[in-house]
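Quick look at structure-v2.cif (mmCIF, C-alpha atoms):
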```cif
data_upload
#
loop_
_atom_site.group_PDB
_atom_site.id
_atom_site.type_symbol
_atom_site.label_atom_id
_atom_site.label_comp_id
_atom_site.auth_asym_id
_atom_site.auth_seq_id
_atom_site.Cartn_x
_atom_site.Cartn_y
_atom_site.Cartn_z
ATOM 1 C CA MET R 5 26.132 -39.469 -7.483
ATOM 2 C CA LYS R 6 25.191 -38.019 -4.080
ATOM 3 C CA LYS R 7 27.908 -35.370 -4.441
ATOM 4 C CA ALA R 8 26.599 -34.366 -7.866
ATOM 5 C CA LEU R 9 23.042 -34.121 -6.562
ATOM 6 C CA LEU R 10 24.169 -32.074 -3.555
ATOM 7 C CA LEU R 11 26.270 -29.781 -5.756
ATOM 8 C CA SER R 12 23.358 -29.313 -8.184
ATOM 9 C CA THR R 13 20.996 -28.454 -5.309
ATOM 10 C CA ILE R 14 23.424 -25.917 -3.840
ATOM 11 C CA LEU R 15 23.975 -24.341 -7.271
ATOM 12 C CA PHE R 16 20.216 -24.123 -7.908
ATOM 13 C CA ILE R 17 19.560 -22.476 -4.525
ATOM 14 C CA GLY R 18 22.429 -20.036 -5.069
ATOM 15 C CA LEU R 19 21.175 -19.029 -8.524
ATOM 16 C CA ALA R 20 17.631 -18.614 -7.234
ATOM 17 C CA ALA R 21 18.836 -16.373 -4.399
ATOM 18 C CA PHE R 22 21.038 -14.347 -6.777
ATOM 19 C CA SER R 23 18.182 -13.798 -9.250
ATOM 20 C CA GLN R 24 15.971 -12.470 -6.437
ATOM 21 C CA GLU R 25 18.682 -10.043 -5.328
ATOM 22 C CA THR R 26 19.236 -8.586 -8.803
ATOM 23 C CA LYS R 27 15.539 -7.981 -9.574
ATOM 24 C CA LYS R 28 15.098 -4.198 -9.720
ATOM 25 C CA ARG R 29 11.761 -2.560 -8.992
ATOM 26 C CA ALA R 30 10.438 0.132 -11.312
ATOM 27 C CA SER R 31 9.342 2.353 -8.405
ATOM 28 C CA PRO R 32 11.222 3.202 -5.232
ATOM 29 C CA HIS R 33 9.831 1.950 -1.934
ATOM 30 C CA ASP R 34 9.592 3.780 1.349
ATOM 31 C CA THR R 35 8.685 3.134 4.952
ATOM 32 C CA LEU R 36 6.942 5.808 6.982
ATOM 33 C CA ARG R 37 7.718 5.385 10.669
ATOM 34 C CA ALA R 38 5.662 7.392 13.129
ATOM 35 C CA LYS R 39 5.210 7.031 16.863
ATOM 36 C CA ASP R 40 2.077 4.922 16.547
ATOM 37 C CA LEU R 41 2.298 3.332 13.098
ATOM 38 C CA THR R 42 4.494 2.129 10.238
ATOM 39 C CA VAL R 43 3.515 2.175 6.547
ATOM 40 C CA THR R 44 5.553 0.357 3.872
ATOM 41 C CA TYR R 45 4.670 1.166 0.268
ATOM 42 C CA GLY R 46 5.878 1.595 -3.295
ATOM 43 C CA ARG R 47 6.122 5.216 -4.509
ATOM 44 C CA PRO R 48 5.258 5.439 -8.208
ATOM 45 C CA TYR R 49 5.757 8.674 -10.152
ATOM 46 C CA LYS R 50 3.128 10.646 -12.055
ATOM 47 C CA LYS R 51 5.380 11.055 -15.138
ATOM 48 C CA GLY R 52 2.890 13.363 -16.881
ATOM 49 C CA ARG R 53 0.038 10.865 -16.598
ATOM 50 C CA GLU R 54 -3.452 11.529 -15.299
ATOM 51 C CA ILE R 55 -3.597 9.218 -12.299
ATOM 52 C CA PHE R 56 -7.064 8.939 -10.741
ATOM 53 C CA GLY R 57 -9.885 8.286 -13.160
ATOM 54 C CA LYS R 58 -7.429 7.167 -15.885
ATOM 55 C CA LEU R 59 -4.353 5.174 -14.811
ATOM 56 C CA GLU R 60 -6.149 4.133 -11.621
ATOM 57 C CA PRO R 61 -9.843 3.951 -12.600
ATOM 58 C CA TYR R 62 -12.535 5.272 -10.308
ATOM 59 C CA GLY R 63 -14.507 2.574 -8.513
ATOM 60 C CA LYS R 64 -11.757 -0.095 -8.651
ATOM 61 C CA VAL R 65 -9.640 -1.368 -5.780
ATOM 62 C CA TYR R 66 -6.113 0.074 -5.829
ATOM 63 C CA ARG R 67 -3.131 -1.179 -3.795
ATOM 64 C CA CYS R 68 -2.226 2.406 -2.857
ATOM 65 C CA GLY R 69 1.316 2.151 -4.145
ATOM 66 C CA ALA R 70 3.451 0.097 -6.504
ATOM 67 C CA ASP R 71 4.356 -3.606 -6.562
ATOM 68 C CA GLU R 72 3.296 -5.295 -3.300
ATOM 69 C CA ALA R 73 0.145 -3.962 -1.690
ATOM 70 C CA THR R 74 0.826 -1.316 0.953
ATOM 71 C CA GLN R 75 1.158 -2.569 4.532
ATOM 72 C CA ILE R 76 0.250 -0.580 7.619
ATOM 73 C CA THR R 77 1.141 -1.566 11.180
ATOM 74 C CA PHE R 78 -0.525 -0.012 14.211
ATOM 75 C CA ASN R 79 1.564 -0.252 17.391
ATOM 76 C CA LYS R 80 -1.539 0.017 19.572
ATOM 77 C CA ASP R 81 -5.323 -0.086 19.264
ATOM 78 C CA VAL R 82 -6.569 3.036 17.452
ATOM 79 C CA THR R 83 -9.596 4.577 15.854
ATOM 80 C CA PHE R 84 -8.934 4.720 12.104
ATOM 81 C CA GLY R 85 -11.432 6.693 10.048
ATOM 82 C CA GLY R 86 -13.774 6.705 13.025
ATOM 83 C CA LYS R 87 -13.691 2.916 13.439
ATOM 84 C CA PRO R 88 -11.803 0.810 16.000
ATOM 85 C CA VAL R 89 -8.753 -1.152 14.825
ATOM 86 C CA LYS R 90 -6.711 -3.576 16.937
ATOM 87 C CA ALA R 91 -2.935 -3.246 17.048
ATOM 88 C CA GLY R 92 -1.386 -5.291 14.244
ATOM 89 C CA THR R 93 -0.378 -5.315 10.580
ATOM 90 C CA TYR R 94 -2.865 -4.942 7.738
ATOM 91 C CA THR R 95 -2.890 -4.528 3.971
ATOM 92 C CA LEU R 96 -4.097 -1.066 2.924
ATOM 93 C CA PHE R 97 -6.279 -0.746 -0.171
ATOM 94 C CA VAL R 98 -8.303 2.182 -1.479
ATOM 95 C CA ILE R 99 -11.186 2.576 -3.895
ATOM 96 C CA PRO R 100 -10.698 6.039 -5.397
ATOM 97 C CA GLU R 101 -13.674 8.065 -6.564
ATOM 98 C CA GLU R 102 -13.798 11.642 -7.772
ATOM 99 C CA LYS R 103 -15.234 13.104 -4.529
ATOM 100 C CA GLN R 104 -14.425 10.421 -1.930
ATOM 101 C CA TRP R 105 -12.289 7.349 -1.335
ATOM 102 C CA THR R 106 -13.090 4.143 0.451
ATOM 103 C CA ILE R 107 -10.141 3.141 2.621
ATOM 104 C CA ILE R 108 -9.843 -0.596 3.324
ATOM 105 C CA LEU R 109 -7.797 -2.485 5.897
ATOM 106 C CA ASN R 110 -7.491 -6.190 5.102
ATOM 107 C CA SER R 111 -5.931 -8.847 7.341
ATOM 108 C CA LYS R 112 -4.469 -10.916 4.459
ATOM 109 C CA LEU R 113 -0.778 -9.972 4.254
ATOM 110 C CA GLY R 114 1.680 -10.483 1.388
ATOM 111 C CA GLN R 115 -0.681 -9.586 -1.465
ATOM 112 C CA TRP R 116 0.822 -8.482 -4.769
ATOM 113 C CA GLY R 117 -1.047 -5.476 -6.064
ATOM 114 C CA ALA R 118 -4.824 -5.726 -5.794
ATOM 115 C CA TYR R 119 -5.108 -8.670 -8.184
ATOM 116 C CA ASP R 120 -6.396 -11.106 -5.547
ATOM 117 C CA TYR R 121 -8.402 -8.611 -3.517
ATOM 118 C CA ASP R 122 -11.759 -10.092 -4.592
ATOM 119 C CA LYS R 123 -10.639 -13.508 -3.291
ATOM 120 C CA ASN R 124 -9.538 -11.943 0.005
ATOM 121 C CA LYS R 125 -12.171 -9.247 0.604
ATOM 122 C CA GLY R 126 -13.815 -11.468 3.202
ATOM 123 C CA GLN R 127 -10.769 -10.656 5.341
ATOM 124 C CA ASP R 128 -11.495 -6.920 5.395
ATOM 125 C CA VAL R 129 -11.159 -5.553 8.920
ATOM 126 C CA LEU R 130 -12.794 -2.243 8.047
ATOM 127 C CA GLN R 131 -13.873 0.095 5.304
ATOM 128 C CA THR R 132 -14.242 3.826 5.859
ATOM 129 C CA VAL R 133 -15.049 6.665 3.474
ATOM 130 C CA VAL R 134 -13.062 9.927 3.425
ATOM 131 C CA PRO R 135 -13.509 13.046 1.276
ATOM 132 C CA VAL R 136 -11.100 14.008 -1.509
ATOM 133 C CA LYS R 137 -9.267 17.318 -1.410
ATOM 134 C CA MET R 138 -8.198 18.615 -4.822
ATOM 135 C CA LEU R 139 -4.730 20.166 -4.835
ATOM 136 C CA SER R 140 -3.765 23.249 -6.834
ATOM 137 C CA SER R 141 -0.439 21.745 -7.903
ATOM 138 C CA PRO R 142 0.294 18.067 -8.536
ATOM 139 C CA VAL R 143 2.286 15.775 -6.257
ATOM 140 C CA GLU R 144 4.740 13.994 -8.586
ATOM 141 C CA GLN R 145 5.353 10.914 -6.455
ATOM 142 C CA LEU R 146 2.782 9.038 -4.364
ATOM 143 C CA THR R 147 3.334 10.195 -0.787
ATOM 144 C CA ILE R 148 1.923 8.847 2.474
ATOM 145 C CA SER R 149 2.512 11.009 5.532
ATOM 146 C CA ARG R 150 1.444 11.163 9.168
ATOM 147 C CA PRO R 151 0.341 14.646 10.201
ATOM 148 C CA ALA R 152 -1.185 15.047 13.662
ATOM 149 C CA ALA R 153 -4.722 14.737 12.269
ATOM 150 C CA GLY R 154 -4.314 11.307 10.657
ATOM 151 C CA LEU R 155 -2.827 9.532 7.675
ATOM 152 C CA THR R 156 -2.525 11.539 4.441
ATOM 153 C CA ILE R 157 -2.240 10.017 0.960
ATOM 154 C CA ALA R 158 -1.344 12.446 -1.848
ATOM 155 C CA TRP R 159 -0.638 11.897 -5.531
ATOM 156 C CA ASP R 160 -1.280 13.934 -8.659
ATOM 157 C CA LYS R 161 -3.869 16.578 -7.709
ATOM 158 C CA THR R 162 -5.610 14.372 -5.145
ATOM 159 C CA GLU R 163 -5.206 14.186 -1.378
ATOM 160 C CA VAL R 164 -7.152 12.282 1.262
ATOM 161 C CA ASN R 165 -6.780 12.260 5.030
ATOM 162 C CA VAL R 166 -7.887 9.384 7.254
ATOM 163 C CA PRO R 167 -8.383 10.524 10.858
ATOM 164 C CA ILE R 168 -6.499 8.488 13.473
ATOM 165 C CA LYS R 169 -7.077 8.702 17.219
ATOM 166 C CA GLY R 170 -5.599 6.700 20.019
#
```
Can you present the structure in this file as structure tokens?
Amino acid sequence: MKKALLLSTILFIGLAAFSQETKKRASPHDTLRAKDLTVTYGRPYKKGREIFGKLEPYGKVYRCGADEATQITFNKDVTFGGKPVKAGTYTLFVIPEEKQWTIILNSKLGQWGAYDYDKNKGQDVLQTVVPVKMLSSPVEQLTISRPAAGLTIAWDKTEVNVPIKG
């Protein structure tokens, strides 16, 4: 009886591990590694859709990527969007608007999408507002980059830059 129970447990654990391995995400994921920070995020495609204001409504919290909410790690204390941030790992959310975005760093890690943001918004470390730059040609795939001036998020015909110093 003990052997059967042990065998059943091992089989169950093996199947559970296998099913996790074979789960395929709809969007590719990427990790941006820069000298002072790391950003891990899903990179959804535009696929002919109107993104901000339609697919991602204005005024609603967005995970800034696909699948798991985007994570950002600062290797040292910095000023992010003009506000001090301690070294560490945070969840990155945005609230897109037509002319500006609110950028949010939240200390609750491991969030899936922005579904539980309202339950966890008390763990916000900061919110900062940045202007939107409209692009002349669309960016097909959500892209986060680290130019010298800050952190840039671009998708569709929208781009925002969050200044980083430190």
*Any chance you could work out the residue set of the PyMOL selection byres ((chain R and resi 153-159) around 9) here, as number ranges by chain?*
R: 49-50, 55-56, 68, 84-85, 139, 142-152, 160-169
Answer key for the PyMOL selection byres ((chain R and resi 127) around 12), residues as a list in words
Tyr94, Thr95, Leu96, Ile108, Leu109, Asn110, Ser111, Lys112, Leu113, Asp120, Tyr121, Asp122, Lys123, Asn124, Lys125, Gly126, Asp128, Val129, Leu130 and Gln131 of chain R
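We find atom CA of R:Met138 and atom CA of R:Gln104 to be spaced 10.7 Å apart.
If you look at atom CA of R:Gly69 and atom CA of R:Gly46, they are 4.7 Å away from each other.
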From atom CA of R:Lys80 to atom CA of R:Leu41 the spacing works out at 8.2 Å
Inset, instruction - May I have the residues within 6 Å of R:Thr77 as a PyMOL selection string, using all atoms listed in the file and disregarding those fewer than 6 positions away in the same chain? - result: chain R and resi 41-42+92-93
Take the residues from that selection and write them out as a short mmCIF file (atom, residue, chain, number, x, y, z; two decimals), in the coordinates of the input, keeping C-alpha atoms.
```cif
data_model
loop_
_atom_site.label_atom_id
_atom_site.label_comp_id
_atom_site.auth_asym_id
_atom_site.auth_seq_id
_atom_site.Cartn_x
_atom_site.Cartn_y
_atom_site.Cartn_z
CA LEU R 41 2.30 3.33 13.10
CA THR R 42 4.49 2.13 10.24
CA GLY R 92 -1.39 -5.29 14.24
CA THR R 93 -0.38 -5.32 10.58
#
```
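Distance check against R:Thr83 using only C-alpha atoms: of R:Thr132, R:Lys137, R:Asp71, R:Pro32, the minimum falls on R:Thr132.
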Repaired coordinates for stretch 144-168 of chain R (N, CA and C atoms) as a PDB file, in the coordinates of the input:
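selection-v1.pdb written:
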```
ATOM      1  N   GLU R 144       4.122  14.848  -7.564  1.00  0.00           N
ATOM      2  CA  GLU R 144       4.740  13.994  -8.586  1.00  0.00           C
ATOM      3  C   GLU R 144       4.820  12.525  -8.159  1.00  0.00           C
ATOM      4  N   GLN R 145       5.143  12.284  -6.912  1.00  0.00           N
ATOM      5  CA  GLN R 145       5.353  10.914  -6.455  1.00  0.00           C
ATOM      6  C   GLN R 145       4.370  10.603  -5.328  1.00  0.00           C
ATOM      7  N   LEU R 146       3.712   9.447  -5.416  1.00  0.00           N
ATOM      8  CA  LEU R 146       2.782   9.038  -4.364  1.00  0.00           C
ATOM      9  C   LEU R 146       3.455   9.198  -3.001  1.00  0.00           C
ATOM     10  N   THR R 147       2.770   9.901  -2.100  1.00  0.00           N
ATOM     11  CA  THR R 147       3.334  10.195  -0.787  1.00  0.00           C
ATOM     12  C   THR R 147       2.318   9.887   0.295  1.00  0.00           C
ATOM     13  N   ILE R 148       2.743   9.112   1.293  1.00  0.00           N
ATOM     14  CA  ILE R 148       1.923   8.847   2.474  1.00  0.00           C
ATOM     15  C   ILE R 148       2.643   9.484   3.647  1.00  0.00           C
ATOM     16  N   SER R 149       1.907  10.311   4.394  1.00  0.00           N
ATOM     17  CA  SER R 149       2.512  11.009   5.532  1.00  0.00           C
ATOM     18  C   SER R 149       1.612  10.896   6.759  1.00  0.00           C
ATOM     19  N   ARG R 150       2.163  11.288   7.901  1.00  0.00           N
ATOM     20  CA  ARG R 150       1.444  11.163   9.168  1.00  0.00           C
ATOM     21  C   ARG R 150       1.399  12.505   9.876  1.00  0.00           C
ATOM     22  N   PRO R 151       0.530  13.421   9.426  1.00  0.00           N
ATOM     23  CA  PRO R 151       0.341  14.646  10.201  1.00  0.00           C
ATOM     24  C   PRO R 151      -0.436  14.316  11.471  1.00  0.00           C
ATOM     25  N   ALA R 152      -0.518  15.280  12.373  1.00  0.00           N
ATOM     26  CA  ALA R 152      -1.185  15.047  13.662  1.00  0.00           C
ATOM     27  C   ALA R 152      -2.636  14.591  13.501  1.00  0.00           C
ATOM     28  N   ALA R 153      -3.300  15.025  12.434  1.00  0.00           N
ATOM     29  CA  ALA R 153      -4.722  14.737  12.269  1.00  0.00           C
ATOM     30  C   ALA R 153      -5.010  13.332  11.719  1.00  0.00           C
ATOM     31  N   GLY R 154      -4.017  12.630  11.215  1.00  0.00           N
ATOM     32  CA  GLY R 154      -4.314  11.307  10.657  1.00  0.00           C
ATOM     33  C   GLY R 154      -3.255  10.831   9.694  1.00  0.00           C
ATOM     34  N   LEU R 155      -3.693  10.067   8.722  1.00  0.00           N
ATOM     35  CA  LEU R 155      -2.827   9.532   7.675  1.00  0.00           C
ATOM     36  C   LEU R 155      -3.214  10.218   6.371  1.00  0.00           C
ATOM     37  N   THR R 156      -2.251  10.830   5.692  1.00  0.00           N
ATOM     38  CA  THR R 156      -2.525  11.539   4.441  1.00  0.00           C
ATOM     39  C   THR R 156      -1.908  10.792   3.274  1.00  0.00           C
ATOM     40  N   ILE R 157      -2.694  10.630   2.208  1.00  0.00           N
ATOM     41  CA  ILE R 157      -2.240  10.017   0.960  1.00  0.00           C
ATOM     42  C   ILE R 157      -2.400  11.094  -0.116  1.00  0.00           C
ATOM     43  N   ALA R 158      -1.296  11.412  -0.815  1.00  0.00           N
ATOM     44  CA  ALA R 158      -1.344  12.446  -1.848  1.00  0.00           C
ATOM     45  C   ALA R 158      -0.626  11.961  -3.095  1.00  0.00           C
ATOM     46  N   TRP R 159      -1.260  12.208  -4.239  1.00  0.00           N
ATOM     47  CA  TRP R 159      -0.638  11.897  -5.531  1.00  0.00           C
ATOM     48  C   TRP R 159      -1.407  12.632  -6.602  1.00  0.00           C
ATOM     49  N   ASP R 160      -0.700  13.145  -7.591  1.00  0.00           N
ATOM     50  CA  ASP R 160      -1.280  13.934  -8.659  1.00  0.00           C
ATOM     51  C   ASP R 160      -1.950  15.146  -8.014  1.00  0.00           C
ATOM     52  N   LYS R 161      -3.183  15.424  -8.306  1.00  0.00           N
ATOM     53  CA  LYS R 161      -3.869  16.578  -7.709  1.00  0.00           C
ATOM     54  C   LYS R 161      -4.876  16.141  -6.654  1.00  0.00           C
ATOM     55  N   THR R 162      -4.673  14.946  -6.104  1.00  0.00           N
ATOM     56  CA  THR R 162      -5.610  14.372  -5.145  1.00  0.00           C
ATOM     57  C   THR R 162      -4.941  14.140  -3.798  1.00  0.00           C
ATOM     58  N   GLU R 163      -5.678  14.457  -2.735  1.00  0.00           N
ATOM     59  CA  GLU R 163      -5.206  14.186  -1.378  1.00  0.00           C
ATOM     60  C   GLU R 163      -6.391  13.728  -0.535  1.00  0.00           C
ATOM     61  N   VAL R 164      -6.155  12.731   0.297  1.00  0.00           N
ATOM     62  CA  VAL R 164      -7.152  12.282   1.262  1.00  0.00           C
ATOM     63  C   VAL R 164      -6.480  12.187   2.625  1.00  0.00           C
ATOM     64  N   ASN R 165      -7.280  12.395   3.665  1.00  0.00           N
ATOM     65  CA  ASN R 165      -6.780  12.260   5.030  1.00  0.00           C
ATOM     66  C   ASN R 165      -7.722  11.331   5.794  1.00  0.00           C
ATOM     67  N   VAL R 166      -7.129  10.307   6.427  1.00  0.00           N
ATOM     68  CA  VAL R 166      -7.887   9.384   7.254  1.00  0.00           C
ATOM     69  C   VAL R 166      -7.598   9.737   8.706  1.00  0.00           C
ATOM     70  N   PRO R 167      -8.612  10.176   9.452  1.00  0.00           N
ATOM     71  CA  PRO R 167      -8.383  10.524  10.858  1.00  0.00           C
ATOM     72  C   PRO R 167      -7.944   9.309  11.677  1.00  0.00           C
ATOM     73  N   ILE R 168      -6.959   9.529  12.552  1.00  0.00           N
ATOM     74  CA  ILE R 168      -6.499   8.488  13.473  1.00  0.00           C
ATOM     75  C   ILE R 168      -6.501   9.071  14.880  1.00  0.00           C
TER      76      ILE R 168
END
```
